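Novice: The following block contains the structure, expressed as structure tokens.
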Amino acid sequence: MVPFRRKTPEELLLSISKLHRGRLKILIGAVSGSGKTYHMLKEGAQLKRDGIDVVICAVSTLQRPETLEQVGQLERVASIHWWKDNQEQKDLNLDALIERNPEVVLVDGLAHRNRTEARFGTRLEDVLFLLEKGISVITTINVYELEGADETALKWTGIRAGCTVPANTLELADEVRLIDVSPETMLQRFKDGILGDRPDPAISMRGNLAVLRELSLRLVAEGVNDSLEKHREELGLTGPSGASERILVTAQYHWNGSLYVRRGQQIARRLNGDIVVVSFVNPKKSLSKEEQAFRTSIKKLTKKVEGKFEELPLIKRRRLPAALVRYSEEHHVTRIVMGHSKQSRWEQLWQGSIVDGVLRKLNQVDLFLMADRAEHEGERIMPVKQRRDSERELFRRFSPEERERQIETIRRGTFHIYIGAAPGVGKTYTMLSEANALLRKGIDIVIGLLETHGRHETQRQIGDLPLIEQQTIDYRGTMLKEMDVEAIIRRNPDVVLVDELAHTNVPGSLRKKRYEDVIHLLEKGISVISTMNVQHIESLNDAVKQITGVTVRETVPDAIIRLANQVELIDVTPQMLQQRMREGKIYAMAKVDQALGAFFTTGNLIALRELALREIADDVDERLESWDRNQSLRGPLRRREVIFVGIDIRSNAERLIRRGFRLAYRLKAEWHVHYVQDGSPWTEEMTAKKDALLHLTERLGGVFEMSKAESRAHIAATLLTAANRTKATQMIIGQSDRTFWQSLRWGNMVRQLLQTGRHMDVLIVANHVPDK
């Protein structure tokens with residue numbers, strides 16, 4: 001939208017009508033019992049305390065104590081009761097609600113079918129009617145009650161929704177909030193009898209709970225992505241946001257076009273991104289019968305892999321790079337997938353190289369060049385599924401070392417992490433709520449380290465929880481407080497609360513990082529509940545910087561997230577978070593305006609929320625794969641991969657290393673980082689940088705190696721030799737930042753690698769350019 005364009009009469013009427021319409025907020029969860037009603041009532045109680053007129057109608061507490069407690073003093077408008085299949089049903093009493101005319105009504109179960117004689121057939125229609133009357137609604141729904149998602153849920157879990165709502169229902173809402181609960185928490189609730197005596201057998205299976213949880217995470221992430229793109233368009237921002245992946249496959253009408261689509265699909269599924277397939281054709285030339293057949297085949301395949309297909313006109317081949325880059329920027333593409341050039345060096349000079357042309361114009365988009373393995377190795381792009389371990393593995397006797405590792409795992413405490421998209425979402429509050437529930441069950445639980453940041457609601461949640469006094473450390477004449485790990489070990493509780501996992505300890509502490517303290521506690525058999533924000537995950541450091549412009553200094557290795565037995569997301573909408581900020585519930589009032597104009601901007605919060613949703617969805621999928629490869633929503637792995645990252649310590653090598661890790665982790669691949677010395681003098685600064693890169697690689701689980709080239713001109717050949725030695729299937733390198741004259745003098749390393757490395761996939765990572 002152009003910011004200074006005058007609104008049309010239709011747009012003015014629409015804006016005015018929205019002023020009279022109520023707001024709709026939907027709380028979505030994986031299954032019944034995930035806590036949607038509890039959180040809805042909790043929000044309603046807070047609105048009432050803020051002076052908003054709130055009532056409840058057709059709310060089912062199922063006599064759950066925690067939910068009943070949240071009803072509190074909320075006024076109830078009687079619902080209409082009726083029976084179906086020997087089960088009591090509740091319909092909204094629309095006449096009573098209209099007469100009462102509250103500002104907000106809380107109502108359960110959006111996917112509900114009304115009695116035959118009701119004014120409307122469904123609860124969704126009831127809700128839309130109330131919105132038109134100016135009454136706002138907060139309501140709940142399960143993910144499998146949405147059309148589209150219900151089919152996926154049925155396919156993967158066998159669970160069938162009793163009633164569904166249209167697929168676009170979430171788009172009608174002003175806010176959608178996910179109530180995320182791990183399968184382990186749900187299973188504990190079943191065990192404790194909180195969710196009834198006889199839960200549905202299909203829903204009470206851990207694998208099914210995980211599938212539904214991942215489905216809800218991804219569904220909400222897609223909606224957040226739509227709102228992020230709309231927000232960025234309104235601000236005139238271009239390029240990818242950094243929160244999600246969109247893969248563009250350029251496939252011509254040729255026999256290998258389908259191979260590119262398949263490879264693009266594999267990348268998109270492992271990175272949880274969208275896939276777009278584009279073919280460029282000359283409108284002045286008619287397609288041959290063979291090309292028409294390939295066109296039909298590629299279109300069918302694109303539909304099958306749930307991608308989007310577009311055919312675009314292109315008169316001259318030399319204009320292809322510009323057209324491809326322009327399309328990528330306009331459609332927020334993060335990675336282009338195309339085949340290696342088959343041209344010789346002289347043919348490229350004479351005819352022009354498409355790859356060179358694309359690389360010269362790309363700013364924020366990675367370029368993935370796919371190897372022609374059918375030519376070099378006779379390998380299929382999508383080989384058959386890997387076999388499981390043989391039956392005899394189940395009966396093989398453990399070695400002494402394996403037995404000791406198993407015993408250590410059994411002794412280790414349980415680790416639970418709450419993750420949020422930003423400060424103030426309620427991680428610490430939720431952690432304390434869980435701790436109080438455990439205390440009431442007789443669990444010996446203590447507070448090891450707590451950061452309330454002066455938030456009164458959080459401080460009130462401490463209740464009767466015992467606190468382990470912090471130790472005092474003298475640092476350069478200043479007495480500083482830090483968690484007393486040894487005191488916790490002496491106290492030896494069942495569970496300890498440790499806030500802000502990414503914290504760096506005071507110099508002089510036994511361990512440098514708080515997560516190292518947590519590992520030490522776990523090894524002592526003490527369970528830990530902790531908190532952190534998504535921006536502190538090591539491998540997301542570059543994505544967070546791209547989103548917010550802020551380099552996060554305190555990070556936690558991704559392996560710590562994988563170490564956790566449970567990881568749960570505390571999801572809060574940007575509107576709620578900004579409102580909390582304005583009310584002084586996150587920072588002191590003096591800092592509010594500065595925070596809202598910097599880190600807490602709407603765009604940042606939407607993007608970080610999407611990043612958090614997708615990251616937890618990935619974590620759920622990884623755990624699903626470890627339980628049962630068949631249940632992974634991203635599909636099974638098809639090929640053994642070896643990732644090779646070529647770096648130059650003078651450039652942004654950290655970004656390439658993190659990119660290599662994230663790719664290797666999703667592909668279950670071994671990965672190597674390699675630096676080639678070029679004979680230049682080795683300075684203290686370069687030594688320090690090399691040591692830092694070595695440490696980062698090892699923290700993320702990779703192998704760091706070095707070799708030496710005779711001169712700068714031999715770097716590409718030396719790097720390729722090292723890659724071949726590791727049997728790499730995919731090489732990751734950065735865009736060349738050499739000038740035209742430097743390339744003439746020493747050669748263009750990227751071009752040299754592409755010429756000689758056509759037998760492997762090559763990912764060329766774009767140099768990041770800030771939003772325009």
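Letters A, B, ... go to the chains of the structure tokens in the order shown; residues in each chain start at 1; ligands are counted from 1 in the same order.
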Residues near Ala202 in chain A, anyone? I mean within 10 Å using only C-alpha atoms, not counting same-chain ones fewer than 3 positions away, as a PyMOL selection string.
Specialist: chain A and resi 157-160+199+205-209
Novice: Taking the DSSP assignment computed from this structure's backbone, write out as a list in words all residues of range 484-590 of chain A that belong to strand (DSSP E).
Specialist: Val495, Val496, Leu497, Val498, Ser527, Val528, Ile529, Ser530, Thr531, Met532, Asn533, Gln566, Val567, Glu568, Leu569 and Ile570 of chain A
Novice: Give the answer as one residue: which of A:Phe644, A:Phe368, A:Tyr260, A:Phe661 has the shortest atom-to-atom distance to Ala766 in chain A, using only C-alpha atoms?
Specialist: A:Phe368
Novice: Do you have the CA of Glu99 in chain A-CA of Pro166 in chain A distance handy?
Specialist: 28.9 Å
Novice: Mind checking which residues fall within 6 Å of range 598-613 of chain A, counting only C-alpha atoms, ignoring those fewer than 5 positions away in the same chain, and posting them as a PDB file with all heavy atoms, in the first residue's frame?
Specialist:
ATOM      1  N   LEU A 217       1.869 -26.130  16.013  1.00  0.00           N
ATOM      2  CA  LEU A 217       2.993 -25.184  15.945  1.00  0.00           C
ATOM      3  C   LEU A 217       3.185 -24.661  14.527  1.00  0.00           C
ATOM      4  O   LEU A 217       3.346 -23.456  14.301  1.00  0.00           O
ATOM      5  CB  LEU A 217       4.273 -25.863  16.428  1.00  0.00           C
ATOM      6  CG  LEU A 217       4.438 -26.037  17.938  1.00  0.00           C
ATOM      7  CD1 LEU A 217       5.432 -27.143  18.245  1.00  0.00           C
ATOM      8  CD2 LEU A 217       4.889 -24.730  18.584  1.00  0.00           C
ATOM      9  N   ALA A 221       2.537 -20.923  12.989  1.00  0.00           N
ATOM     10  CA  ALA A 221       3.705 -20.287  12.363  1.00  0.00           C
ATOM     11  C   ALA A 221       3.368 -19.762  10.970  1.00  0.00           C
ATOM     12  O   ALA A 221       3.803 -18.671  10.581  1.00  0.00           O
ATOM     13  CB  ALA A 221       4.874 -21.262  12.291  1.00  0.00           C
ATOM     14  N   VAL A 224       1.426 -16.597  11.373  1.00  0.00           N
ATOM     15  CA  VAL A 224       2.327 -15.517  11.802  1.00  0.00           C
ATOM     16  C   VAL A 224       3.142 -15.030  10.616  1.00  0.00           C
ATOM     17  O   VAL A 224       3.369 -13.826  10.448  1.00  0.00           O
ATOM     18  CB  VAL A 224       3.246 -16.001  12.947  1.00  0.00           C
ATOM     19  CG1 VAL A 224       4.292 -14.950  13.285  1.00  0.00           C
ATOM     20  CG2 VAL A 224       2.411 -16.318  14.186  1.00  0.00           C
ATOM     21  N   LEU A 228       3.444 -11.323   9.107  1.00  0.00           N
ATOM     22  CA  LEU A 228       4.762 -10.689   9.006  1.00  0.00           C
ATOM     23  C   LEU A 228       4.983 -10.127   7.607  1.00  0.00           C
ATOM     24  O   LEU A 228       5.467  -8.995   7.445  1.00  0.00           O
ATOM     25  CB  LEU A 228       5.855 -11.699   9.360  1.00  0.00           C
ATOM     26  CG  LEU A 228       7.302 -11.204   9.241  1.00  0.00           C
ATOM     27  CD1 LEU A 228       7.547 -10.012  10.148  1.00  0.00           C
ATOM     28  CD2 LEU A 228       8.280 -12.334   9.556  1.00  0.00           C
ATOM     29  N   ALA A 243      12.978 -15.213   9.282  1.00  0.00           N
ATOM     30  CA  ALA A 243      12.256 -16.089  10.207  1.00  0.00           C
ATOM     31  C   ALA A 243      11.878 -17.426   9.580  1.00  0.00           C
ATOM     32  O   ALA A 243      11.642 -18.392  10.295  1.00  0.00           O
ATOM     33  CB  ALA A 243      11.001 -15.386  10.718  1.00  0.00           C
ATOM     34  N   ALA A 421       9.579 -16.070  22.731  1.00  0.00           N
ATOM     35  CA  ALA A 421      10.092 -15.298  21.597  1.00  0.00           C
ATOM     36  C   ALA A 421      10.800 -14.031  22.057  1.00  0.00           C
ATOM     37  O   ALA A 421      11.612 -13.478  21.319  1.00  0.00           O
ATOM     38  CB  ALA A 421       8.938 -14.938  20.659  1.00  0.00           C
ATOM     39  N   VAL A 534      14.286 -17.479  22.462  1.00  0.00           N
ATOM     40  CA  VAL A 534      14.731 -18.131  21.236  1.00  0.00           C
ATOM     41  C   VAL A 534      15.973 -17.469  20.654  1.00  0.00           C
ATOM     42  O   VAL A 534      16.803 -18.122  20.022  1.00  0.00           O
ATOM     43  CB  VAL A 534      13.580 -18.159  20.194  1.00  0.00           C
ATOM     44  CG1 VAL A 534      13.292 -16.771  19.648  1.00  0.00           C
ATOM     45  CG2 VAL A 534      13.879 -19.141  19.074  1.00  0.00           C
ATOM     46  N   THR A 548      16.418  -8.355  13.917  1.00  0.00           N
ATOM     47  CA  THR A 548      16.379  -7.242  14.880  1.00  0.00           C
ATOM     48  C   THR A 548      17.503  -6.234  14.721  1.00  0.00           C
ATOM     49  O   THR A 548      17.411  -5.121  15.256  1.00  0.00           O
ATOM     50  CB  THR A 548      16.451  -7.795  16.312  1.00  0.00           C
ATOM     51  OG1 THR A 548      17.742  -8.407  16.516  1.00  0.00           O
ATOM     52  CG2 THR A 548      15.367  -8.819  16.564  1.00  0.00           C
ATOM     53  N   PRO A 574       2.130 -10.474  19.650  1.00  0.00           N
ATOM     54  CA  PRO A 574       2.792  -9.166  19.762  1.00  0.00           C
ATOM     55  C   PRO A 574       1.899  -8.112  20.426  1.00  0.00           C
ATOM     56  O   PRO A 574       2.385  -7.278  21.190  1.00  0.00           O
ATOM     57  CB  PRO A 574       3.092  -8.802  18.304  1.00  0.00           C
ATOM     58  CG  PRO A 574       3.227 -10.122  17.619  1.00  0.00           C
ATOM     59  CD  PRO A 574       2.221 -11.014  18.279  1.00  0.00           C
TER      60      PRO A 574
END
Novice: With only C-alpha atoms as the counted atoms, please give the residues lying no more than 6 Å from range 751-762 of chain A, apart from itself and same-chain residues fewer than 5 positions off, as an NGL selection string.
Specialist: :A and (368-371 or 716 or 729-732)
